[in-house]
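Q: Structure supplied as target.txt; contents: compact mmCIF, C-alpha atoms.
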```txt
# COMPACT_ATOMS: atom_id res chain seq x y z
CA MET A 300 -150.56 -27.13 -32.34
CA LYS A 301 -148.84 -27.47 -28.97
CA GLY A 302 -148.33 -31.24 -29.23
CA LEU A 303 -146.48 -31.02 -32.54
CA LYS A 304 -143.66 -29.19 -30.78
CA ARG A 305 -143.00 -32.45 -28.94
CA LEU A 306 -142.88 -34.76 -31.92
CA PHE A 307 -140.43 -37.60 -31.37
CA TYR A 308 -139.09 -40.72 -33.03
CA LEU A 309 -140.46 -44.02 -31.84
CA THR A 310 -137.50 -46.35 -31.40
CA ALA A 311 -137.55 -48.20 -28.05
CA ILE A 312 -134.17 -48.08 -26.30
CA PHE A 313 -134.64 -50.45 -23.45
CA ALA A 314 -131.44 -51.94 -22.03
CA ALA A 315 -127.79 -51.22 -21.30
CA ALA A 316 -124.83 -53.23 -20.04
CA ILE A 317 -121.31 -52.17 -19.04
CA VAL A 318 -118.62 -53.45 -21.41
CA ALA A 319 -115.19 -52.19 -20.40
CA PHE A 320 -112.95 -49.17 -19.98
CA GLY A 321 -111.78 -47.45 -23.14
CA GLY A 322 -111.56 -49.01 -26.58
CA CYS A 323 -113.55 -48.48 -29.75
CA ALA A 324 -116.77 -50.10 -30.89
CA SER A 325 -116.87 -51.95 -34.17
CA GLU A 326 -119.50 -50.54 -36.52
CA GLN A 327 -121.86 -52.11 -39.03
CA LYS A 328 -120.23 -51.77 -42.48
CA ASP A 329 -122.07 -50.66 -45.59
CA VAL A 330 -121.92 -52.93 -48.62
CA THR A 331 -120.51 -51.20 -51.68
CA ARG A 332 -123.41 -51.50 -54.10
CA VAL A 333 -126.45 -53.59 -54.92
CA THR A 334 -126.61 -54.36 -58.62
CA ALA A 335 -130.23 -55.50 -58.87
CA TYR A 336 -133.33 -56.03 -56.82
CA VAL A 337 -136.95 -56.91 -57.46
CA ALA A 338 -140.00 -55.32 -55.84
CA THR A 339 -143.37 -57.04 -55.74
CA GLU A 340 -145.79 -55.19 -58.01
CA THR A 341 -148.93 -57.34 -57.89
CA ARG A 342 -151.84 -55.50 -56.32
CA ALA A 343 -153.70 -57.27 -53.57
CA THR A 344 -157.47 -57.74 -53.59
CA PRO A 345 -159.51 -55.62 -51.16
CA GLY A 346 -160.64 -57.55 -48.13
CA SER A 347 -161.52 -57.45 -44.45
CA THR A 348 -159.05 -56.41 -41.80
CA ALA A 349 -158.30 -60.05 -41.04
CA ASP A 350 -157.76 -60.76 -44.76
CA VAL A 351 -155.31 -57.89 -45.10
CA VAL A 352 -153.41 -58.90 -41.98
CA SER A 353 -153.09 -62.47 -43.21
CA MET A 354 -151.62 -61.18 -46.50
CA VAL A 355 -149.12 -58.67 -45.16
CA ALA A 356 -148.22 -59.45 -41.53
CA GLU A 357 -145.35 -61.78 -42.39
CA SER A 358 -143.64 -59.02 -44.40
CA VAL A 359 -143.22 -56.94 -41.21
CA VAL A 360 -140.15 -57.84 -39.16
CA GLU A 361 -138.81 -57.13 -35.69
CA ILE A 362 -135.45 -55.36 -35.48
CA ARG A 363 -133.11 -55.41 -32.49
CA THR A 364 -129.90 -53.41 -32.37
CA GLU A 365 -126.82 -53.08 -30.24
CA SER A 366 -124.71 -49.93 -30.12
CA VAL A 367 -121.90 -48.79 -27.87
CA THR A 368 -121.82 -45.53 -25.96
CA THR A 369 -119.07 -44.16 -23.72
CA GLN A 370 -119.75 -42.25 -20.52
CA TRP A 371 -117.35 -41.36 -17.72
CA GLY A 372 -114.69 -43.61 -19.22
CA MET A 373 -117.01 -46.62 -19.32
CA GLN A 374 -118.42 -48.26 -22.42
CA TYR A 375 -122.01 -49.43 -22.43
CA VAL A 376 -123.79 -51.70 -24.87
CA VAL A 377 -127.21 -50.18 -25.47
CA SER A 378 -129.96 -52.32 -26.94
CA GLY A 379 -132.78 -50.91 -29.05
CA ALA A 380 -135.78 -52.22 -30.90
CA GLY A 381 -137.87 -51.25 -33.87
CA SER A 382 -139.63 -52.63 -36.90
CA GLY A 383 -139.11 -52.99 -40.64
CA VAL A 384 -140.88 -54.17 -43.78
CA ILE A 385 -139.55 -56.59 -46.42
CA VAL A 386 -140.14 -54.78 -49.71
CA ALA A 387 -137.79 -56.37 -52.27
CA HIS A 388 -135.53 -59.34 -53.05
CA ASP A 389 -132.79 -60.23 -55.47
CA SER A 390 -133.50 -62.21 -58.65
CA ASP A 391 -132.56 -65.50 -56.98
CA PHE A 392 -134.72 -65.00 -53.88
CA GLN A 393 -131.60 -65.31 -51.72
CA THR A 394 -131.35 -61.75 -50.39
CA TYR A 395 -134.28 -59.76 -49.02
CA TYR A 396 -134.28 -55.98 -48.58
CA ILE A 397 -135.99 -54.33 -45.62
CA VAL A 398 -137.02 -50.70 -45.31
CA THR A 399 -136.92 -49.19 -41.83
CA ASN A 400 -136.12 -45.85 -40.19
CA ASN A 401 -132.62 -44.42 -40.01
CA HIS A 402 -133.13 -43.70 -36.33
CA VAL A 403 -133.85 -47.39 -35.68
CA ILE A 404 -130.40 -48.54 -36.84
CA GLU A 405 -128.30 -45.36 -36.51
CA GLY A 406 -125.00 -46.08 -34.76
CA ALA A 407 -125.74 -49.80 -34.42
CA ARG A 408 -122.77 -52.16 -34.38
CA GLN A 409 -125.09 -55.15 -34.68
CA ILE A 410 -128.54 -55.49 -36.30
CA LYS A 411 -130.70 -58.57 -35.77
CA VAL A 412 -133.96 -59.33 -37.57
CA SER A 413 -136.68 -61.82 -36.67
CA LEU A 414 -139.87 -62.75 -38.50
CA ARG A 415 -143.37 -62.60 -37.08
CA SER A 416 -143.62 -66.37 -37.39
CA GLY A 417 -140.53 -66.83 -35.24
CA GLY A 418 -137.55 -69.03 -35.98
CA ALA A 419 -133.89 -68.12 -36.00
CA ASP A 420 -132.66 -64.53 -35.88
CA TYR A 421 -131.01 -63.10 -38.99
CA SER A 422 -127.88 -60.97 -38.91
CA ALA A 423 -128.73 -57.98 -41.08
CA THR A 424 -126.39 -55.94 -43.28
CA LEU A 425 -126.77 -52.18 -43.52
CA ILE A 426 -127.04 -51.22 -47.19
CA ALA A 427 -127.37 -47.44 -46.74
CA SER A 428 -129.33 -44.86 -44.77
CA ASP A 429 -130.51 -41.26 -45.02
CA VAL A 430 -130.72 -39.09 -41.92
CA GLU A 431 -132.88 -36.34 -43.40
CA GLY A 432 -135.51 -38.68 -44.82
CA ASP A 433 -135.24 -41.04 -41.80
CA ILE A 434 -135.08 -44.08 -44.09
CA ALA A 435 -132.61 -46.95 -43.99
CA VAL A 436 -132.25 -50.16 -45.98
CA ILE A 437 -130.95 -53.39 -44.47
CA SER A 438 -130.76 -56.87 -45.99
CA ILE A 439 -130.91 -60.48 -44.80
CA LYS A 440 -130.01 -63.76 -46.44
CA GLU A 441 -132.65 -66.48 -46.69
CA SER A 442 -132.87 -69.38 -49.17
CA SER A 443 -136.60 -69.98 -48.68
CA THR A 444 -139.27 -67.62 -50.00
CA LEU A 445 -140.35 -64.84 -47.66
CA ASN A 446 -143.42 -62.61 -47.82
CA VAL A 447 -142.64 -59.33 -49.64
CA ALA A 448 -144.90 -56.30 -49.17
CA VAL A 449 -146.46 -54.48 -52.13
CA TRP A 450 -145.62 -50.78 -52.42
CA GLY A 451 -148.74 -48.63 -52.62
CA HIS A 452 -149.18 -45.05 -53.82
CA SER A 453 -149.64 -42.65 -50.92
CA SER A 454 -150.62 -39.86 -53.32
CA GLY A 455 -153.98 -41.55 -53.77
CA LEU A 456 -154.83 -41.75 -50.08
CA LEU A 457 -158.00 -40.05 -48.87
CA VAL A 458 -158.62 -38.46 -45.49
CA GLY A 459 -160.81 -40.88 -43.58
CA GLU A 460 -159.50 -43.96 -45.41
CA ASP A 461 -158.95 -47.04 -43.21
CA VAL A 462 -155.34 -48.10 -42.58
CA ILE A 463 -153.63 -50.83 -40.57
CA ALA A 464 -150.33 -50.51 -38.68
CA ILE A 465 -148.19 -53.55 -37.94
CA GLY A 466 -145.03 -53.37 -35.87
CA ASN A 467 -143.10 -54.23 -32.73
CA PRO A 468 -144.36 -51.85 -29.99
CA LEU A 469 -142.29 -51.67 -26.81
CA GLY A 470 -139.69 -53.86 -28.52
CA SER A 471 -141.37 -57.00 -27.23
CA LEU A 472 -144.81 -57.22 -28.86
CA GLY A 473 -143.83 -58.08 -32.43
CA GLY A 474 -146.63 -58.52 -34.96
CA THR A 475 -149.01 -56.20 -33.13
CA VAL A 476 -151.86 -55.00 -35.38
CA THR A 477 -153.77 -51.75 -34.88
CA LYS A 478 -156.30 -50.00 -37.10
CA GLY A 479 -157.34 -46.41 -37.70
CA ILE A 480 -157.82 -43.86 -40.43
CA ILE A 481 -155.79 -41.35 -42.40
CA SER A 482 -156.21 -38.04 -40.56
CA ALA A 483 -154.20 -35.89 -43.00
CA THR A 484 -152.08 -36.64 -46.05
CA GLU A 485 -149.46 -33.87 -46.07
CA ARG A 486 -148.39 -32.59 -42.66
CA SER A 487 -145.21 -30.52 -42.93
CA ILE A 488 -143.81 -30.63 -39.41
CA PRO A 489 -140.45 -30.56 -37.61
CA VAL A 490 -139.16 -33.93 -36.41
CA GLY A 491 -135.83 -33.61 -34.65
CA ASN A 492 -133.59 -31.37 -36.76
CA TYR A 493 -135.48 -31.82 -40.04
CA THR A 494 -138.79 -30.73 -41.51
CA MET A 495 -140.72 -33.72 -42.85
CA THR A 496 -143.93 -34.05 -44.85
CA LEU A 497 -145.79 -36.97 -43.30
CA LEU A 498 -149.06 -38.86 -43.25
CA GLN A 499 -151.06 -38.30 -40.07
CA THR A 500 -153.08 -41.16 -38.62
CA ASP A 501 -154.99 -41.94 -35.45
CA THR A 502 -153.86 -45.58 -35.62
CA ALA A 503 -152.41 -46.62 -32.25
CA ILE A 504 -148.61 -46.42 -32.54
CA ASN A 505 -146.04 -46.76 -29.76
CA PRO A 506 -142.27 -46.85 -29.22
CA GLY A 507 -140.90 -49.82 -31.16
CA ASN A 508 -143.34 -49.29 -34.06
CA SER A 509 -140.70 -47.19 -35.86
CA GLY A 510 -139.97 -48.60 -39.31
CA GLY A 511 -143.12 -50.70 -39.31
CA GLY A 512 -145.74 -50.70 -42.02
CA LEU A 513 -148.89 -48.65 -42.54
CA PHE A 514 -151.11 -50.57 -44.98
CA ASN A 515 -154.30 -49.72 -46.83
CA MET A 516 -157.22 -52.13 -47.12
CA ARG A 517 -155.81 -53.56 -50.35
CA GLY A 518 -152.78 -54.76 -48.42
CA GLU A 519 -150.45 -52.18 -49.99
CA LEU A 520 -147.71 -50.45 -48.02
CA VAL A 521 -148.69 -46.77 -47.97
CA GLY A 522 -146.45 -45.51 -45.18
CA VAL A 523 -143.44 -46.25 -42.97
CA VAL A 524 -144.23 -45.38 -39.35
CA ASN A 525 -141.74 -43.01 -37.71
CA ALA A 526 -143.12 -40.49 -35.19
CA LYS A 527 -145.84 -39.42 -32.79
CA THR A 528 -146.58 -36.63 -30.34
CA SER A 529 -145.53 -37.03 -26.71
CA ASP A 530 -147.80 -34.44 -25.08
CA GLU A 531 -149.83 -36.06 -22.31
CA GLU A 532 -152.90 -34.11 -23.41
CA VAL A 533 -152.72 -35.40 -26.99
CA GLU A 534 -154.12 -38.69 -28.28
CA GLY A 535 -154.31 -40.25 -31.71
CA ILE A 536 -151.73 -38.05 -33.48
CA CYS A 537 -149.19 -40.33 -35.09
CA PHE A 538 -147.18 -40.07 -38.30
CA ALA A 539 -145.71 -42.11 -41.11
CA ILE A 540 -143.42 -41.38 -44.06
CA PRO A 541 -145.59 -41.55 -47.22
CA ALA A 542 -144.88 -44.58 -49.43
CA ASP A 543 -144.16 -42.40 -52.47
CA THR A 544 -141.41 -40.65 -50.50
CA ALA A 545 -140.12 -43.79 -48.81
CA ARG A 546 -139.90 -45.75 -52.05
CA LYS A 547 -137.89 -43.05 -53.83
CA LEU A 548 -135.45 -42.94 -50.92
CA PHE A 549 -135.31 -46.75 -50.83
CA ASP A 550 -134.57 -46.96 -54.57
CA ASP A 551 -131.81 -44.34 -54.33
CA LEU A 552 -130.22 -45.95 -51.30
CA VAL A 553 -130.23 -49.45 -52.78
CA THR A 554 -128.86 -48.49 -56.19
CA ASN A 555 -126.56 -45.56 -55.31
CA GLY A 556 -126.01 -45.70 -51.55
CA VAL A 557 -127.13 -42.08 -51.22
CA VAL A 558 -130.21 -39.97 -52.01
CA SER A 559 -129.97 -38.08 -55.29
CA GLY A 560 -130.30 -34.31 -54.90
CA ARG A 561 -129.12 -34.32 -51.28
CA VAL A 562 -126.43 -31.64 -50.96
CA THR A 563 -123.56 -30.67 -48.72
CA LEU A 564 -121.56 -27.45 -48.37
CA GLY A 565 -118.45 -29.41 -47.41
CA ILE A 566 -118.67 -28.44 -43.75
CA SER A 567 -119.91 -29.99 -40.53
CA VAL A 568 -121.93 -27.92 -38.10
CA GLY A 569 -122.93 -27.94 -34.46
CA VAL A 570 -124.80 -25.75 -32.02
CA TYR A 571 -123.62 -23.68 -29.04
CA ASP A 572 -127.21 -23.28 -27.97
CA ALA A 573 -130.59 -23.73 -29.63
CA SER A 574 -130.14 -20.64 -31.84
CA THR A 575 -126.40 -20.58 -32.65
CA VAL A 576 -125.29 -22.83 -35.52
CA TYR A 577 -121.54 -22.83 -36.12
CA VAL A 578 -118.95 -24.58 -38.30
CA THR A 579 -117.24 -27.44 -36.48
CA THR A 580 -115.04 -28.73 -39.33
CA VAL A 581 -114.23 -27.64 -42.85
CA GLY A 582 -113.84 -30.55 -45.27
CA GLU A 583 -111.27 -30.83 -48.03
CA ALA A 584 -114.03 -30.69 -50.67
CA CYS A 585 -115.31 -27.31 -49.44
CA ASP A 586 -114.70 -24.58 -52.03
CA GLY A 587 -115.74 -21.69 -49.76
CA ASP A 588 -113.72 -19.63 -47.31
CA PHE A 589 -115.24 -21.05 -44.14
CA LYS A 590 -113.31 -21.04 -40.88
CA GLN A 591 -113.87 -23.23 -37.87
CA TYR A 592 -116.34 -21.71 -35.37
CA ASP A 593 -117.95 -19.37 -37.93
CA ARG A 594 -121.52 -18.66 -36.84
CA ILE A 595 -123.84 -19.26 -39.78
CA ALA A 596 -126.47 -16.52 -39.99
CA LYS A 597 -127.99 -17.02 -43.46
CA ILE A 598 -127.88 -19.29 -46.48
CA ASN A 599 -128.98 -17.15 -49.41
CA ASP A 600 -131.95 -15.30 -47.94
CA VAL A 601 -132.93 -17.95 -45.40
CA ALA A 602 -132.11 -17.08 -41.79
CA VAL A 603 -130.33 -19.85 -39.88
CA THR A 604 -131.47 -19.86 -36.27
CA SER A 605 -131.32 -23.59 -35.49
CA LEU A 606 -130.25 -26.92 -36.96
CA LEU A 607 -133.80 -27.21 -38.27
CA THR A 608 -133.59 -23.98 -40.28
CA TYR A 609 -130.04 -24.85 -41.41
CA HIS A 610 -131.25 -28.14 -42.88
CA ASP A 611 -134.32 -26.42 -44.38
CA ALA A 612 -132.00 -23.99 -46.17
CA LEU A 613 -129.81 -26.84 -47.44
CA SER A 614 -132.81 -28.77 -48.72
CA ALA A 615 -133.73 -25.82 -50.95
CA LEU A 616 -130.39 -26.12 -52.80
CA LYS A 617 -129.57 -28.36 -55.75
CA PRO A 618 -126.23 -29.97 -56.63
CA ASP A 619 -123.82 -27.52 -58.37
CA GLU A 620 -125.93 -24.53 -57.29
CA LYS A 621 -124.05 -21.50 -55.97
CA ALA A 622 -125.07 -20.27 -52.53
CA THR A 623 -124.18 -17.19 -50.52
CA VAL A 624 -123.59 -17.99 -46.86
CA THR A 625 -123.47 -15.13 -44.34
CA VAL A 626 -121.31 -15.85 -41.30
CA TYR A 627 -119.99 -14.01 -38.27
CA ARG A 628 -116.40 -14.85 -37.37
CA HIS A 629 -115.64 -16.30 -33.96
CA ILE A 630 -113.44 -13.96 -31.88
CA ARG A 631 -113.05 -15.60 -28.49
CA ASN A 632 -114.80 -17.53 -25.73
CA VAL A 633 -115.76 -16.03 -22.38
CA GLN A 634 -115.43 -18.47 -19.48
CA GLY A 635 -118.30 -18.32 -17.03
CA PHE A 636 -119.13 -19.88 -13.69
CA PHE A 637 -119.21 -23.67 -13.34
CA GLY A 638 -117.26 -24.13 -16.57
CA SER A 639 -119.82 -22.50 -18.87
CA VAL A 640 -118.52 -20.97 -22.12
CA THR A 641 -120.07 -18.07 -24.04
CA PRO A 642 -118.76 -17.51 -27.58
CA VAL A 643 -118.17 -13.97 -28.85
CA PHE A 644 -118.57 -13.26 -32.56
CA SER A 645 -117.68 -10.34 -34.81
CA ASP A 646 -120.32 -7.68 -35.39
CA THR A 647 -119.39 -7.57 -39.08
CA PRO A 648 -120.92 -10.18 -41.39
CA THR A 649 -118.76 -12.04 -43.89
CA GLU A 650 -120.30 -13.38 -47.10
CA ILE A 651 -118.98 -16.66 -48.51
CA THR A 652 -119.82 -18.01 -51.96
CA VAL A 653 -119.86 -21.80 -52.04
CA THR A 654 -121.08 -24.48 -54.45
CA ALA A 655 -123.55 -27.02 -53.10
CA LYS A 656 -122.41 -30.52 -54.05
CA GLN A 657 -124.18 -33.85 -54.28
CA LEU A 658 -123.79 -35.69 -50.99
CA LYS A 659 -121.64 -38.80 -51.37
CA LYS A 660 -122.07 -42.08 -49.58
CA GLY A 661 -120.58 -41.88 -46.10
CA GLU A 662 -120.65 -38.08 -45.95
CA SER A 663 -122.71 -36.11 -43.48
CA ILE A 664 -124.84 -33.09 -44.25
```
Starting from the coordinates I provided, produce the structure as structure tokens.
A:
Amino acid sequence: MKGLKRLFYLTAIFAAAIVAFGGCASEQKDVTRVTAYVATETRATPGSTADVVSMVAESVVEIRTESVTTQWGMQYVVSGAGSGVIVAHDSDFQTYYIVTNNHVIEGARQIKVSLRSGGADYSATLIASDVEGDIAVISIKESSTLNVAVWGHSSGLLVGEDVIAIGNPLGSLGGTVTKGIISATERSIPVGNYTMTLLQTDTAINPGNSGGGLFNMRGELVGVVNAKTSDEEVEGICFAIPADTARKLFDDLVTNGVVSGRVTLGISVGVYDASTVYVTTVGEACDGDFKQYDRIAKINDVAVTSLLTYHDALSALKPDEKATVTVYRHIRNVQGFFGSVTPVFSDTPTEITVTAKQLKKGESI
């Protein structure tokens, strides 16, 4: 489908201000570990759309972020907006945990949360995030009782079933409610540099809805909104991370700070162009004979022709599994007109045996 080639994340980035020359931005710090949390398990009673909204709307929050970017020697504070859903709390009802998208908070030096009912902003703490699954967990402190959403089971969803989306479209319309149906339950599609299996819905979703909730008519959270198509000829094709997937990621991130089963080869990679994936850095933990600027051609029998296929190949590996990586050594760069650089690689492949290792908190894939 032509439109699916233009799938994009929904965060609204809507403002920028000049800060100063030079310097480094302070970053949001992860907490070390959460020892316990409590999810609401009581199932809601089926009701009308208005009934469901009255039950769940207060569990959906507005998220605003600030990050710093540097361009031409100038630093800019960039503001962004998205949504999130309160899905758990600690045993004392003092800390509340919010699920959102990684791309909503990625790179943020400051995260602010506000409730649908208004009141003071909360300064949120980043617990942990997962780039591949596009899920992040943040927390806020509040001594009074807040509305906590009920996790549903996306595996039981039916095509044609009514669903309700609640979020913060355009970063300024918090608490917006839209309704539609489930169009498909398992769409395996590329989003950015990762292949994701998502729910498809025709519910109206717009930039700023990222991280917001998709609820069934029992008031259960069945999806976390994260993407839509951008083709002008396409309407009503929007996507959400299934609740069964999102909850597993949430549980792993809260308890361990990282997703179990997520692996790394101990290297960082980049791209020269859309089809050339190469090694940028070799980490100390890497047990293979990689060299900087190696072009990665295959992982086992999977051809690597983009960051998408590289991550697909990694996702097929398990921790402690041996993998054979075929690379072509970098020989030199050819300087072209207007400063362009063309890399030249060996014609002879080199095979490297490496052990895939469980990704640790703070590491990149």
Q: Of the candidates A:Asp611, A:Asp389, A:Asp350, A:Glu583, which shows the shortest atom-to-atom distance to Asn599 (chain A), using all atoms listed in the file?
A: A:Asp611
Q: Set the distance at 6 Å and use only C-alpha atoms: which residues neighbour region 398-406 of chain A once local chain neighbours fewer than 5 positions away are removed? I'd like the list as a PyMOL selection string.
A: chain A and resi 310+381+383-384+428+430+433-436+510
Q: Report the distance between CA of Ile566 (chain A) and CA of Thr496 (chain A) in Å, rounded to one decimal place.
A: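 One can read the CA of Ile566 (chain A) to CA of Thr496 (chain A) distance as 25.9 Å.
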Q: Rounded to one decimal place, report the CA of Glu365 (chain A)-CA of Gly418 (chain A) distance in Å.
A: 20.1 Å
Q: So, counting all atoms listed in the file, which residue among A:Glu357, A:Glu431, A:Asp593, A:Glu460 is closest to Val578 (chain A)?
A: A:Asp593
Q: For Thr348 (chain A), which residue out of A:His452, A:Lys478, A:Lys590, A:His629 is the nearest one, using only C-alpha atoms?
A: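 For Thr348 (chain A), the nearest of the candidates is A:Lys478.
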Q: From the list A:Gly346, A:Gly518, A:Gly587, A:Gly473, which residue is nearest Glu650 (chain A) when using all atoms listed in the file?
A: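 Checking each candidate against Glu650 (chain A), we get A:Gly587 as the closest.
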Q: Can you work out which one of A:Lys527, A:His388, A:Arg486, A:Lys617 has the shortest atom-to-atom distance to Ala655 (chain A), counting all atoms listed in the file?
A: A:Lys617
Q: Tell me which protein, DNA and RNA residues are within 6 Å of Tyr396 (chain A), counting all atoms listed in the file, leaving out same-chain ones fewer than 6 positions away, and put them as a list in words.
A: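 Counting only the stated atoms, we get Ile385, Ala387, His388, Ile437 and Ser438 of chain A.
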Q: Create the file for the chosen residues now, containing C-alpha atoms and written as a compact mmCIF listing (two decimals), in the frame of the given file.
A:
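Written file, out12.txt:
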```
# COMPACT_ATOMS: atom_id res chain seq x y z
CA ILE A 385 -139.55 -56.59 -46.42
CA ALA A 387 -137.79 -56.37 -52.27
CA HIS A 388 -135.53 -59.34 -53.05
CA ILE A 437 -130.95 -53.39 -44.47
CA SER A 438 -130.76 -56.87 -45.99
```
Q: What's the 7 Å shell around Tyr627 (chain A), counting all atoms listed in the file, without same-chain residues fewer than 5 positions away, as an MDAnalysis selection string?
A: chainID A and resid 593:595 644:649
Q: Quick check, in Å to one decimal: how far apart do CA of Leu469 (chain A) and CA of Ile504 (chain A) lie?
A: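 CA of Ile504 (chain A) lies at a distance of 10.0 Å from CA of Leu469 (chain A).
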Q: Using only C-alpha atoms, which residue out of A:Ser471, A:Thr394, A:Asn515, A:Gln370 lies closest to Ser443 (chain A)?
A: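 Ranked by minimum distance to Ser443 (chain A), first place goes to A:Thr394.
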Q: Provide an axis-aligned box for all listed atoms of region 532-544 of chain A, padding each side by 6 Å; report its centre and its edge lengths in Å to one decimal, as JSON.
A:
```
{"center_x": -147.9, "center_y": -39.3, "center_z": -37.9, "size_x": 24.9, "size_y": 22.5, "size_z": 41.1}
```
Q: Give me, as a PyMOL selection string, all polymer residues having an atom no more than 10 Å from Val568 (chain A), counting all atoms listed in the file and skipping those fewer than 3 positions away in the same chain.
A: chain A and resi 576-581+591-595+606+609+663-664
Q: Write a file of the just-selected residues containing C-alpha atoms, as a PDB file, keeping the file's coordinate frame.
A:
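The resulting selection30.pdb:
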```
ATOM      1  CA  VAL A 576    -125.290 -22.830 -35.520  1.00  0.00           C
ATOM      2  CA  TYR A 577    -121.540 -22.830 -36.120  1.00  0.00           C
ATOM      3  CA  VAL A 578    -118.950 -24.580 -38.300  1.00  0.00           C
ATOM      4  CA  THR A 579    -117.240 -27.440 -36.480  1.00  0.00           C
ATOM      5  CA  THR A 580    -115.040 -28.730 -39.330  1.00  0.00           C
ATOM      6  CA  VAL A 581    -114.230 -27.640 -42.850  1.00  0.00           C
ATOM      7  CA  GLN A 591    -113.870 -23.230 -37.870  1.00  0.00           C
ATOM      8  CA  TYR A 592    -116.340 -21.710 -35.370  1.00  0.00           C
ATOM      9  CA  ASP A 593    -117.950 -19.370 -37.930  1.00  0.00           C
ATOM     10  CA  ARG A 594    -121.520 -18.660 -36.840  1.00  0.00           C
ATOM     11  CA  ILE A 595    -123.840 -19.260 -39.780  1.00  0.00           C
ATOM     12  CA  LEU A 606    -130.250 -26.920 -36.960  1.00  0.00           C
ATOM     13  CA  TYR A 609    -130.040 -24.850 -41.410  1.00  0.00           C
ATOM     14  CA  SER A 663    -122.710 -36.110 -43.480  1.00  0.00           C
ATOM     15  CA  ILE A 664    -124.840 -33.090 -44.250  1.00  0.00           C
TER      16      ILE A 664
END
```
